[in-house]
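Asker: Have a look at this one.
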Amino acid sequence: MINEENIEQLSQLRTPLLQFARLHLADQAEAEDCVQEVLLAYWSKPAQYQGKAALKTYLFAILKHKIVDSLRLKYKNKIQSEDGICTDFDIWFQEDGNWVPQEQMYSWSEPDADLQTQQFFQVIDHCIKNLPQKTAAVFSMKELMELESDEICQILGVSKDLYWQCMSRARKSMQTCLSLRWFNQEVQREVY
Amino acid sequence: VKCIDFVFYQSSGQLTDRDRPLGLKQRAMFHVWTCRACRKFKRNDELLGQFVQRYREQIKA
C-alpha cells in the first residue's frame, strides 16, 4: 500500500530520476513523461516492489528500461554512418596521422581532489548534455546505463563499426570539453 | 599504428574489447610506448572513465 511516507519518498526521488532521464533524453518533456511513467508504474502496482533493493535502486532500474524503450523508438535504424564519422577531430592530426603539436591534450590531475567538488560534476553534466544528440545516446547507454556494446547495437540498430565511431566521438568530445572547462584552469600546456 | 588510429582505438573502447584481435591491441600498445602525446591522451581517457563512473554513482546515490 502507498502511504504518506511513500508519497514523500517518491516526491524526493523525482528530482534525481528526472536528472538521470535528462542525460539520455534531450527533450525535457520526454524525460518528464518517462519519469512520470516510472512513478505511475510503482504507484499502480506497489506490491511488485518486494523491498529486496532500495526503492531508489528499484525505480532507477524501471527508469533505465523506459529510457531504453524511448531511445529505441527514437533512434532505431536512424543513426546513419554520416552521423558517426568523426570529422570534427581531424584537425587534431597532421596529414601523416601524427598529432598537430598545439592540439595535444593537457595533462589532467588525479581525480580524487577534483571529485570532491560539486562544481566538477556540474561541468561533467554540462559536457554530457552538449554531446551531439545521437552520439550522446550511444555514450549514455554505455557509460551511464552500463549496457554492453552488442546490446546497444541491437537496440539502436547500428553496426559495431558505427558504435565505435560514436563512442570515439563522444569520448573525444568529453575530453575536449573537460580540458577546456576544467583542467585548463589548472595546468599549463606542455611543450613537446 | 599512427596517432590518429591509436586515439580512435583507445577512445572507442576497442582496446578493452575482448572480441578485438590481439594483434591490434599489441600494435596499439607498442605505439603508445613510443608516443608521449598518445600516452597523455590514453591517461586522460582512462581518467575520463573514472570521472564518469563517479558521476554515475553520485546521481544514483
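Identifiers for the C-alpha cells are assigned positionally: chains receive A, B, ... in sequence, residues are indexed from 1 per chain, and ligands are indexed from 1 in the order shown.
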Find the residues in chain B near chain A: any atom within 10 Å counts, using only C-alpha atoms. Write them as a PDB file with C-alpha atoms, in the first residue's frame.
Answerer:
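File produced: part.pdb:
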```
ATOM      1  CA  VAL B   1      49.511   2.271 -35.913  1.00  0.00           C
ATOM      2  CA  LYS B   2      49.583   6.058 -36.232  1.00  0.00           C
ATOM      3  CA  CYS B   3      48.488   8.521 -33.563  1.00  0.00           C
ATOM      4  CA  ILE B   4      45.132   9.071 -35.274  1.00  0.00           C
ATOM      5  CA  ASP B   5      44.486   5.315 -35.267  1.00  0.00           C
ATOM      6  CA  PHE B   6      45.584   4.864 -31.679  1.00  0.00           C
ATOM      7  CA  VAL B   7      43.298   7.679 -30.493  1.00  0.00           C
ATOM      8  CA  PHE B   8      40.384   6.046 -32.322  1.00  0.00           C
ATOM      9  CA  TYR B   9      41.073   2.581 -30.885  1.00  0.00           C
ATOM     10  CA  GLN B  10      41.506   3.955 -27.370  1.00  0.00           C
ATOM     11  CA  SER B  11      38.531   6.312 -27.305  1.00  0.00           C
ATOM     12  CA  SER B  12      36.145   3.847 -28.933  1.00  0.00           C
ATOM     13  CA  GLY B  13      36.901   1.186 -26.320  1.00  0.00           C
ATOM     14  CA  GLN B  14      38.323  -1.343 -28.790  1.00  0.00           C
ATOM     15  CA  ASP B  17      37.008  -5.209 -26.078  1.00  0.00           C
ATOM     16  CA  CYS B  35      54.488   8.188 -28.267  1.00  0.00           C
ATOM     17  CA  ARG B  36      54.279  10.624 -25.399  1.00  0.00           C
ATOM     18  CA  ALA B  37      51.261  12.531 -26.740  1.00  0.00           C
ATOM     19  CA  CYS B  38      49.248   9.344 -27.096  1.00  0.00           C
ATOM     20  CA  LYS B  40      48.840  11.510 -22.339  1.00  0.00           C
ATOM     21  CA  PHE B  41      45.631  11.015 -24.341  1.00  0.00           C
ATOM     22  CA  ARG B  43      45.815   8.581 -19.420  1.00  0.00           C
ATOM     23  CA  ASN B  44      43.189  11.322 -19.795  1.00  0.00           C
ATOM     24  CA  ASP B  45      40.800   8.853 -21.441  1.00  0.00           C
ATOM     25  CA  LEU B  47      40.660   9.274 -16.050  1.00  0.00           C
ATOM     26  CA  LEU B  48      37.555  10.252 -18.014  1.00  0.00           C
ATOM     27  CA  GLY B  49      36.253   6.735 -17.394  1.00  0.00           C
ATOM     28  CA  GLN B  50      36.812   7.172 -13.656  1.00  0.00           C
ATOM     29  CA  PHE B  51      35.165  10.604 -13.615  1.00  0.00           C
ATOM     30  CA  VAL B  52      32.097   9.330 -15.451  1.00  0.00           C
ATOM     31  CA  GLN B  53      31.876   6.362 -13.094  1.00  0.00           C
ATOM     32  CA  ARG B  54      31.938   8.659 -10.032  1.00  0.00           C
ATOM     33  CA  TYR B  55      29.438  10.957 -11.712  1.00  0.00           C
ATOM     34  CA  ARG B  56      27.114   7.996 -12.400  1.00  0.00           C
ATOM     35  CA  GLU B  57      27.419   6.839  -8.793  1.00  0.00           C
ATOM     36  CA  GLN B  58      26.632  10.258  -7.318  1.00  0.00           C
ATOM     37  CA  ILE B  59      23.470  10.550  -9.439  1.00  0.00           C
ATOM     38  CA  LYS B  60      22.197   7.198  -8.250  1.00  0.00           C
ATOM     39  CA  ALA B  61      23.394   7.636  -4.640  1.00  0.00           C
TER      40      ALA B  61
END
```
Asker: Could you pull the residues within 12 Å of Asn3 in chain A, counting only C-alpha atoms, minus those fewer than 4 positions along the same chain, as number ranges by chain?
Answerer: A: 7-10, 43, 46
Asker: Looking only at alpha helix (DSSP H) from DSSP on the backbone, list the matching residues of range 36-183 of chain A as a PyMOL selection string.
Answerer: chain A and resi 36-44+55-75+81-84+111-115+118-129+133-143+149-156+160-181
Asker: Take the residues from that selection and put them in a file with C-alpha atoms, as a PDB file, in the first residue's frame.
Answerer:
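out-v9.pdb, freshly written:
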```pdb
ATOM      1  CA  GLN A  36       6.048  10.011 -14.715  1.00  0.00           C
ATOM      2  CA  GLU A  37       5.581   6.539 -16.177  1.00  0.00           C
ATOM      3  CA  VAL A  38       8.067   5.109 -13.681  1.00  0.00           C
ATOM      4  CA  LEU A  39       6.292   6.684 -10.719  1.00  0.00           C
ATOM      5  CA  LEU A  40       2.903   5.599 -12.046  1.00  0.00           C
ATOM      6  CA  ALA A  41       4.184   2.065 -12.595  1.00  0.00           C
ATOM      7  CA  TYR A  42       5.197   1.891  -8.951  1.00  0.00           C
ATOM      8  CA  TRP A  43       2.064   3.685  -7.779  1.00  0.00           C
ATOM      9  CA  SER A  44      -0.291   1.327  -9.623  1.00  0.00           C
ATOM     10  CA  LEU A  55      13.308   1.888  -3.569  1.00  0.00           C
ATOM     11  CA  LYS A  56      15.598   4.301  -5.397  1.00  0.00           C
ATOM     12  CA  THR A  57      17.533   1.425  -6.985  1.00  0.00           C
ATOM     13  CA  TYR A  58      14.256  -0.237  -7.966  1.00  0.00           C
ATOM     14  CA  LEU A  59      12.901   2.926  -9.585  1.00  0.00           C
ATOM     15  CA  PHE A  60      16.175   3.595 -11.414  1.00  0.00           C
ATOM     16  CA  ALA A  61      16.010   0.069 -12.840  1.00  0.00           C
ATOM     17  CA  ILE A  62      12.496   0.725 -14.185  1.00  0.00           C
ATOM     18  CA  LEU A  63      13.616   4.115 -15.498  1.00  0.00           C
ATOM     19  CA  LYS A  64      16.532   2.501 -17.321  1.00  0.00           C
ATOM     20  CA  HIS A  65      14.093   0.248 -19.212  1.00  0.00           C
ATOM     21  CA  LYS A  66      11.820   3.192 -20.026  1.00  0.00           C
ATOM     22  CA  ILE A  67      14.763   5.220 -21.360  1.00  0.00           C
ATOM     23  CA  VAL A  68      15.995   2.299 -23.462  1.00  0.00           C
ATOM     24  CA  ASP A  69      12.489   1.953 -24.938  1.00  0.00           C
ATOM     25  CA  SER A  70      12.411   5.686 -25.727  1.00  0.00           C
ATOM     26  CA  LEU A  71      15.860   5.625 -27.324  1.00  0.00           C
ATOM     27  CA  ARG A  72      14.946   2.524 -29.314  1.00  0.00           C
ATOM     28  CA  LEU A  73      11.813   4.199 -30.673  1.00  0.00           C
ATOM     29  CA  LYS A  74      13.662   7.416 -31.425  1.00  0.00           C
ATOM     30  CA  TYR A  75      16.886   6.147 -32.957  1.00  0.00           C
ATOM     31  CA  SER A  81      27.010   6.386 -40.926  1.00  0.00           C
ATOM     32  CA  GLU A  82      27.483  10.104 -41.556  1.00  0.00           C
ATOM     33  CA  ASP A  83      26.334  10.912 -38.013  1.00  0.00           C
ATOM     34  CA  GLY A  84      29.144   8.918 -36.544  1.00  0.00           C
ATOM     35  CA  PRO A 111      40.524  12.520  -9.845  1.00  0.00           C
ATOM     36  CA  ASP A 112      40.235  12.457  -6.059  1.00  0.00           C
ATOM     37  CA  ALA A 113      40.860  16.123  -5.343  1.00  0.00           C
ATOM     38  CA  ASP A 114      38.655  17.265  -8.207  1.00  0.00           C
ATOM     39  CA  LEU A 115      35.828  14.903  -7.435  1.00  0.00           C
ATOM     40  CA  GLN A 118      30.089  19.506  -6.928  1.00  0.00           C
ATOM     41  CA  GLN A 119      31.293  22.043  -9.481  1.00  0.00           C
ATOM     42  CA  PHE A 120      33.287  19.352 -11.203  1.00  0.00           C
ATOM     43  CA  PHE A 121      30.202  17.171 -11.546  1.00  0.00           C
ATOM     44  CA  GLN A 122      28.323  20.160 -12.933  1.00  0.00           C
ATOM     45  CA  VAL A 123      30.990  20.515 -15.629  1.00  0.00           C
ATOM     46  CA  ILE A 124      30.681  16.809 -16.482  1.00  0.00           C
ATOM     47  CA  ASP A 125      26.912  17.255 -16.630  1.00  0.00           C
ATOM     48  CA  HIS A 126      27.316  20.212 -18.982  1.00  0.00           C
ATOM     49  CA  CYS A 127      29.730  18.278 -21.214  1.00  0.00           C
ATOM     50  CA  ILE A 128      27.412  15.261 -21.464  1.00  0.00           C
ATOM     51  CA  LYS A 129      24.408  17.432 -22.279  1.00  0.00           C
ATOM     52  CA  GLN A 133      22.303  14.040 -29.752  1.00  0.00           C
ATOM     53  CA  LYS A 134      22.789  10.679 -31.457  1.00  0.00           C
ATOM     54  CA  THR A 135      26.347  10.346 -30.188  1.00  0.00           C
ATOM     55  CA  ALA A 136      25.038  11.115 -26.708  1.00  0.00           C
ATOM     56  CA  ALA A 137      22.500   8.300 -26.994  1.00  0.00           C
ATOM     57  CA  VAL A 138      25.267   5.745 -27.576  1.00  0.00           C
ATOM     58  CA  PHE A 139      27.570   7.258 -24.935  1.00  0.00           C
ATOM     59  CA  SER A 140      24.932   7.412 -22.218  1.00  0.00           C
ATOM     60  CA  MET A 141      23.739   3.859 -22.855  1.00  0.00           C
ATOM     61  CA  LYS A 142      27.290   2.590 -22.487  1.00  0.00           C
ATOM     62  CA  GLU A 143      28.695   4.824 -19.756  1.00  0.00           C
ATOM     63  CA  SER A 149      28.124  -2.746 -26.709  1.00  0.00           C
ATOM     64  CA  ASP A 150      26.321  -5.596 -28.504  1.00  0.00           C
ATOM     65  CA  GLU A 151      23.113  -4.756 -26.675  1.00  0.00           C
ATOM     66  CA  ILE A 152      23.414  -1.090 -27.672  1.00  0.00           C
ATOM     67  CA  CYS A 153      23.995  -2.028 -31.312  1.00  0.00           C
ATOM     68  CA  GLN A 154      20.923  -4.240 -31.223  1.00  0.00           C
ATOM     69  CA  ILE A 155      18.687  -1.645 -29.521  1.00  0.00           C
ATOM     70  CA  LEU A 156      19.717   1.177 -31.850  1.00  0.00           C
ATOM     71  CA  LYS A 160      29.699  -2.310 -34.390  1.00  0.00           C
ATOM     72  CA  ASP A 161      31.843  -0.032 -36.581  1.00  0.00           C
ATOM     73  CA  LEU A 162      29.346   2.782 -36.207  1.00  0.00           C
ATOM     74  CA  TYR A 163      29.080   2.151 -32.474  1.00  0.00           C
ATOM     75  CA  TRP A 164      32.865   2.586 -32.162  1.00  0.00           C
ATOM     76  CA  GLN A 165      32.780   5.774 -34.189  1.00  0.00           C
ATOM     77  CA  CYS A 166      30.066   7.209 -31.941  1.00  0.00           C
ATOM     78  CA  MET A 167      31.883   6.201 -28.755  1.00  0.00           C
ATOM     79  CA  SER A 168      35.157   7.634 -30.016  1.00  0.00           C
ATOM     80  CA  ARG A 169      33.497  10.877 -30.979  1.00  0.00           C
ATOM     81  CA  ALA A 170      31.767  11.111 -27.595  1.00  0.00           C
ATOM     82  CA  ARG A 171      34.880  10.432 -25.538  1.00  0.00           C
ATOM     83  CA  LYS A 172      36.995  12.849 -27.585  1.00  0.00           C
ATOM     84  CA  SER A 173      34.287  15.492 -27.177  1.00  0.00           C
ATOM     85  CA  MET A 174      34.189  14.843 -23.436  1.00  0.00           C
ATOM     86  CA  GLN A 175      37.975  15.094 -23.189  1.00  0.00           C
ATOM     87  CA  THR A 176      37.974  18.359 -25.129  1.00  0.00           C
ATOM     88  CA  CYS A 177      35.123  19.792 -23.067  1.00  0.00           C
ATOM     89  CA  LEU A 178      36.684  18.892 -19.700  1.00  0.00           C
ATOM     90  CA  SER A 179      40.086  20.161 -20.821  1.00  0.00           C
ATOM     91  CA  LEU A 180      38.571  23.490 -21.818  1.00  0.00           C
ATOM     92  CA  ARG A 181      36.124  23.933 -18.962  1.00  0.00           C
TER      93      ARG A 181
END
```
Asker: May I have the residues within 9 Å of Lys25 in chain B as a PyMOL selection string, using only C-alpha atoms and disregarding those fewer than 2 positions away in the same chain?
Answerer: chain B and resi 9+14-16+20-23+27-30
Asker: Between CA of Leu25 in chain A and CA of Ser159 in chain A, measure the distance and give it in Å to one decimal.
Answerer: 21.8 Å
